[in-house]
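K.L.:
Encoded as structure tokens, here's the structure I'll be asking about.
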Amino acid sequence: MANGQATPAHLAVSSPEPVSQPNGAVGWDVKGKWQRTGMILTGRRWGLVLVGLLLASLGVVTLCSRFGAASAPLGDVFQALLHALKTGELDQASIGTSGVILLQVRLPRVLMGFLVGGSLAAVGVTLQALLRNPLADPYVLGVSSGAALGAAVTMLLGIGTMMALLPILPLCGFAGGLLTLVVIYRLAQSQGRLSIHSLLLAGVILNAILTALIMFITSIMEPNRSAGLMAWLMGSLTAPGYPALGVLVGYAVFVLAILMQKAQTLNVLTLGEETARSLGIDTERTKKHLFVLTALLTGAVVSVSGMIGFVGMVVPHAVRLLLGSDHRLLLPASVLVGGMFLVVADTIARTLFAPAEIPVGIVTALIGGPFFLYLLLWRKDRML
Amino acid sequence: MAASMTIGSPVQPISIGYAMDVENVSFRYGADQRGRAWTLEGVSFGVPKGEVLGIVGPNGSGKSSLLKLLAGLLRPHCGDIRLGGHSIGRLDPREIARSVAVVPQEYVQVFPFTVVETVLMGRFPHRRASWWSMGIGDETEQDLSYVQQAMIETDVVPLADRLMSDLSGGERQRVVIARALAQEPAILLLDEPMAFLDINHQIEICALIGRLKAERQLTVVLVSHDLNVASQVCDRVLMLKDGQLCRMGAPEDTIKPDVLRMVYGCEVVVDAHPQTGRPRVTMPG
């Protein structure tokens, strides 16, 4: 509550007189009050919020595993899970048809959705701090397109199957994403802080160029392969299964662990590059690290799920409104909320027109796009 | 854990006579372009510990660039800037930040941080990152004490839970100064601290600078386009013209009609302030 516009009445009453000893003791216990009222992030609040979100995430994952073209009762979900955990067997004989669907089709997909959503939210948070812009999003800025182009080129040149390419694809996406990020940042740097409109314009143009190149690649591919590429581009979580999940887990855990260490640095970076430097951050090095990390994560995500938009913008924004801007809490909370968001969006995509399903990218764009416009048009004064 | 005590700053401005000294510094933007005019050329001066130094001069004379050079945000093309005897180019940003704090001209915060969170960021250069804690619970008792002290001195304690975006210009300026004080600097650099502020806030900031000098023995360097502000708050005034040091000395010796004619190229009326006796500049009637 303290991070909203709470009235400072409880503090105004006890406004202390300026005390004249330079480092002397002070009679008022304002420190304790800051901690109790949540103005300063304490370990206790951090833990409580994240444990709460973790439990909610577990609930969402379990619940959403239930829904689908063939709906399984919640009891079966647990039973199948338990059985699989006990015996380590996934064959149909021991867990039944619904168990097979659940464990080999739906669960990997839900977990993939969770990871993709969480990763996109983390990339969004990082880009927003780096560009000092609350509307920054890997999809809107063209970073996802860059990564997609990298992956598409690899698929075009690739002799092997998707499976063989699996661990390499993220790296190619990484290269494309990094290139786009550097262009965006150069633009942002040339005029101090790039205004939101110029930044969006740069994103639109980059997106147009990169999409044209992707279209070019699809047009020279064999028709049956290009159809698959198109479906992937629209953003879908029809996962190739556990191997892809494993690759993504590797990348995501690696990047998120480092990003979490940089949470304080992200806080200071939002003050602007010069202030960050004057507070002791080696901005050039930090920026390079953050670029590489975000491009790596975007590359990994895009190579398994295509271009899913707006998660990186909507989720951090909502979390910031509720929990404040401190990246030590904002980053992990956004990861969990982003995961839940995408799992729910994917469940809608799977079930709305079941047994047919729509790409989840369409669902997130339909939720995120209007939200984005709302922020751009009506929240201009405060946030931009 | 007393983070600020255990991390001994290698910079000890006390041991040398000058808190900061600038030797024959030249600087231009775009260092490789030969044809480009110097922004600053051959500037040399020293700032004794505990002095309030004002940098004045016409628009484009290089005031802000000089301040950024002092802060280590820009690197001189030639010459040397020493912080307590150490060349600033050899110190890493964190070491500089432990003894030099900067209050920039404008504060742009796009994210909803509260006042107390903003001031806490001033403790950043004194923190030690640890791999396992993820930055949680980094605020030691001592960090909070420094923050509280800084907020009391700048009188922003009642604003603690307000968002930066909801503050007035004067309040915001005081919060940014509080953040700088939380850094426990030996030297405070202020870029146009009074610009865009109403007269009441100007008086507050003037009084604050006086208190910081008296109580914290802080060395203050401030850039101001307002000669009267410089005259009132500063022990010495440094005048820049076209990137060159034109005159430096006590306000009485620098803020004089003939010097101002030379630097600004116009006639002004200079009389004594009725209360302080310091030079006062007004437009001719």
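Labeling convention for the structure tokens: chains A, B, ... as they appear, residues from 1 per chain, ligands from 1 in order of appearance.
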Can you pull out the residues contacting stretch 172-179 of chain B? Cut-off 7 Å, using only C-alpha atoms, and skip same-chain residues under 6 positions away; I want them as a list in words.
P.N.:
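Final neighbour list, sorted by chain and number: Val103, Val115, Thr118, Val119, Leu120, Met121, Gly122, Ala150, Met151, Thr154, Val156 and Met164 of chain B.
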K.L.:
Enumerate, as number ranges by chain, the complete set of residues in stretch 12-252 of chain B that a backbone-based DSSP assignment places in helix (DSSP H, G or I).
P.N.:
B: 63-70, 88-90, 93-97, 115-126, 141-153, 157-159, 164-166, 169-182, 199-216, 227-233, 251-252
K.L.:
Hey, what's within 10 Å of B:Phe45 if we count only C-alpha atoms and toss same-chain stuff fewer than 5 positions away? As a list in words, please?
P.N.:
Tyr18, Met20, Asp21, Val22, Glu23, Asn24, Val25, Ile81, Leu238, Leu245 and Met248 of chain B
K.L.:
Which residue out of A:Leu157, A:Leu296, A:Val204, A:Ala263 has the minimum interatomic distance to chain B when only C-alpha atoms are used?
P.N.:
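The shortest atom-to-atom distance to chain B comes from A:Ala263.
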K.L.:
With only C-alpha atoms as the atoms that count, which of B:Leu73, B:Val47, B:Leu189, B:Leu227 lies nearest to chain A?
P.N.:
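Result for the nearest residue to chain A: B:Leu73.
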K.L.:
Starting from chain B, keep only residues with some atom at most 8 Å from an atom of chain A, counting only C-alpha atoms, and report them as a PyMOL selection string.
P.N.:
chain B and resi 71-73+92-98+100-102+104+107-114+116-117+121-122+124-125+129+131+134-137+144-146+148-149+152-155+157-163+165+215-216
K.L.:
Can you pull out the residues contacting A:Ala318? Cut-off 12 Å, using only C-alpha atoms, and skip same-chain residues under 3 positions away; I want them as a list in words.
P.N.:
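Residues near the query, excluding close chain neighbours: Ala121, Val125, Pro134, Leu135, Val311, Gly312, Met313, Val314, Val315, Leu321, Leu322, Leu323, Gly324, Ser325, Leu330, Ala333, Ser334, Val337, Gly338, Phe341, Gly368, Phe371, Phe372 and Leu375 of chain A.
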K.L.:
Could you write out the selected residues, including N, CA and C atoms, as a PDB file, in the first residue's frame?
P.N.:
ATOM      1  N   ALA A 121       8.645 -11.777 -19.339  1.00  0.00           N
ATOM      2  CA  ALA A 121       8.445 -10.723 -18.346  1.00  0.00           C
ATOM      3  C   ALA A 121       9.787 -10.222 -17.822  1.00  0.00           C
ATOM      4  N   VAL A 125      11.186  -6.420 -18.012  1.00  0.00           N
ATOM      5  CA  VAL A 125      11.636  -5.641 -16.851  1.00  0.00           C
ATOM      6  C   VAL A 125      13.034  -5.062 -17.110  1.00  0.00           C
ATOM      7  N   PRO A 134       8.848   2.563 -19.562  1.00  0.00           N
ATOM      8  CA  PRO A 134       7.951   1.522 -19.058  1.00  0.00           C
ATOM      9  C   PRO A 134       7.198   0.786 -20.154  1.00  0.00           C
ATOM     10  N   LEU A 135       7.300   1.244 -21.399  1.00  0.00           N
ATOM     11  CA  LEU A 135       6.587   0.539 -22.462  1.00  0.00           C
ATOM     12  C   LEU A 135       7.512  -0.364 -23.274  1.00  0.00           C
ATOM     13  N   VAL A 311       3.663  -9.693 -23.347  1.00  0.00           N
ATOM     14  CA  VAL A 311       3.801 -10.217 -21.988  1.00  0.00           C
ATOM     15  C   VAL A 311       4.829  -9.385 -21.218  1.00  0.00           C
ATOM     16  N   GLY A 312       5.923  -9.048 -21.921  1.00  0.00           N
ATOM     17  CA  GLY A 312       7.005  -8.309 -21.279  1.00  0.00           C
ATOM     18  C   GLY A 312       6.641  -6.890 -20.915  1.00  0.00           C
ATOM     19  N   MET A 313       5.531  -6.402 -21.408  1.00  0.00           N
ATOM     20  CA  MET A 313       5.131  -5.034 -21.085  1.00  0.00           C
ATOM     21  C   MET A 313       3.996  -5.016 -20.073  1.00  0.00           C
ATOM     22  N   VAL A 314       2.962  -5.843 -20.321  1.00  0.00           N
ATOM     23  CA  VAL A 314       1.777  -5.837 -19.462  1.00  0.00           C
ATOM     24  C   VAL A 314       2.118  -6.298 -18.047  1.00  0.00           C
ATOM     25  N   VAL A 315       2.860  -7.397 -17.958  1.00  0.00           N
ATOM     26  CA  VAL A 315       3.093  -8.009 -16.645  1.00  0.00           C
ATOM     27  C   VAL A 315       3.925  -7.111 -15.716  1.00  0.00           C
ATOM     28  N   LEU A 321       2.665  -1.628 -10.318  1.00  0.00           N
ATOM     29  CA  LEU A 321       1.571  -0.904  -9.669  1.00  0.00           C
ATOM     30  C   LEU A 321       1.255  -1.506  -8.305  1.00  0.00           C
ATOM     31  N   LEU A 322       1.339  -2.825  -8.211  1.00  0.00           N
ATOM     32  CA  LEU A 322       0.956  -3.491  -6.967  1.00  0.00           C
ATOM     33  C   LEU A 322       2.082  -3.541  -5.944  1.00  0.00           C
ATOM     34  N   LEU A 323       3.313  -3.758  -6.409  1.00  0.00           N
ATOM     35  CA  LEU A 323       4.400  -4.054  -5.467  1.00  0.00           C
ATOM     36  C   LEU A 323       5.488  -2.997  -5.433  1.00  0.00           C
ATOM     37  N   GLY A 324       5.380  -1.965  -6.265  1.00  0.00           N
ATOM     38  CA  GLY A 324       6.413  -0.947  -6.271  1.00  0.00           C
ATOM     39  C   GLY A 324       7.487  -1.254  -7.300  1.00  0.00           C
ATOM     40  N   SER A 325       8.481  -0.365  -7.386  1.00  0.00           N
ATOM     41  CA  SER A 325       9.437  -0.439  -8.488  1.00  0.00           C
ATOM     42  C   SER A 325      10.747  -1.116  -8.135  1.00  0.00           C
ATOM     43  N   LEU A 330      10.441  -6.743  -7.906  1.00  0.00           N
ATOM     44  CA  LEU A 330       9.747  -6.626  -9.198  1.00  0.00           C
ATOM     45  C   LEU A 330      10.160  -7.739 -10.153  1.00  0.00           C
ATOM     46  N   ALA A 333       8.943 -11.356  -8.987  1.00  0.00           N
ATOM     47  CA  ALA A 333       7.483 -11.370  -8.996  1.00  0.00           C
ATOM     48  C   ALA A 333       6.963 -11.338 -10.427  1.00  0.00           C
ATOM     49  N   SER A 334       7.617 -10.541 -11.299  1.00  0.00           N
ATOM     50  CA  SER A 334       7.188 -10.471 -12.697  1.00  0.00           C
ATOM     51  C   SER A 334       7.381 -11.811 -13.388  1.00  0.00           C
ATOM     52  N   VAL A 337       4.434 -13.978 -12.172  1.00  0.00           N
ATOM     53  CA  VAL A 337       3.158 -13.498 -12.712  1.00  0.00           C
ATOM     54  C   VAL A 337       3.134 -13.685 -14.228  1.00  0.00           C
ATOM     55  N   GLY A 338       4.267 -13.412 -14.887  1.00  0.00           N
ATOM     56  CA  GLY A 338       4.348 -13.606 -16.332  1.00  0.00           C
ATOM     57  C   GLY A 338       4.104 -15.054 -16.707  1.00  0.00           C
ATOM     58  N   PHE A 341       0.419 -15.708 -16.295  1.00  0.00           N
ATOM     59  CA  PHE A 341      -0.318 -15.001 -17.343  1.00  0.00           C
ATOM     60  C   PHE A 341      -0.319 -15.809 -18.643  1.00  0.00           C
ATOM     61  N   GLY A 368      -2.880  -7.600 -24.612  1.00  0.00           N
ATOM     62  CA  GLY A 368      -1.821  -6.616 -24.384  1.00  0.00           C
ATOM     63  C   GLY A 368      -1.925  -5.378 -25.259  1.00  0.00           C
ATOM     64  N   PHE A 371      -4.243  -2.744 -23.881  1.00  0.00           N
ATOM     65  CA  PHE A 371      -3.642  -2.240 -22.641  1.00  0.00           C
ATOM     66  C   PHE A 371      -2.515  -1.255 -22.960  1.00  0.00           C
ATOM     67  N   PHE A 372      -1.719  -1.621 -23.940  1.00  0.00           N
ATOM     68  CA  PHE A 372      -0.619  -0.778 -24.406  1.00  0.00           C
ATOM     69  C   PHE A 372      -1.150   0.577 -24.883  1.00  0.00           C
ATOM     70  N   LEU A 375      -2.242   2.737 -22.000  1.00  0.00           N
ATOM     71  CA  LEU A 375      -1.108   3.382 -21.327  1.00  0.00           C
ATOM     72  C   LEU A 375      -0.583   4.543 -22.145  1.00  0.00           C
TER      73      LEU A 375
END
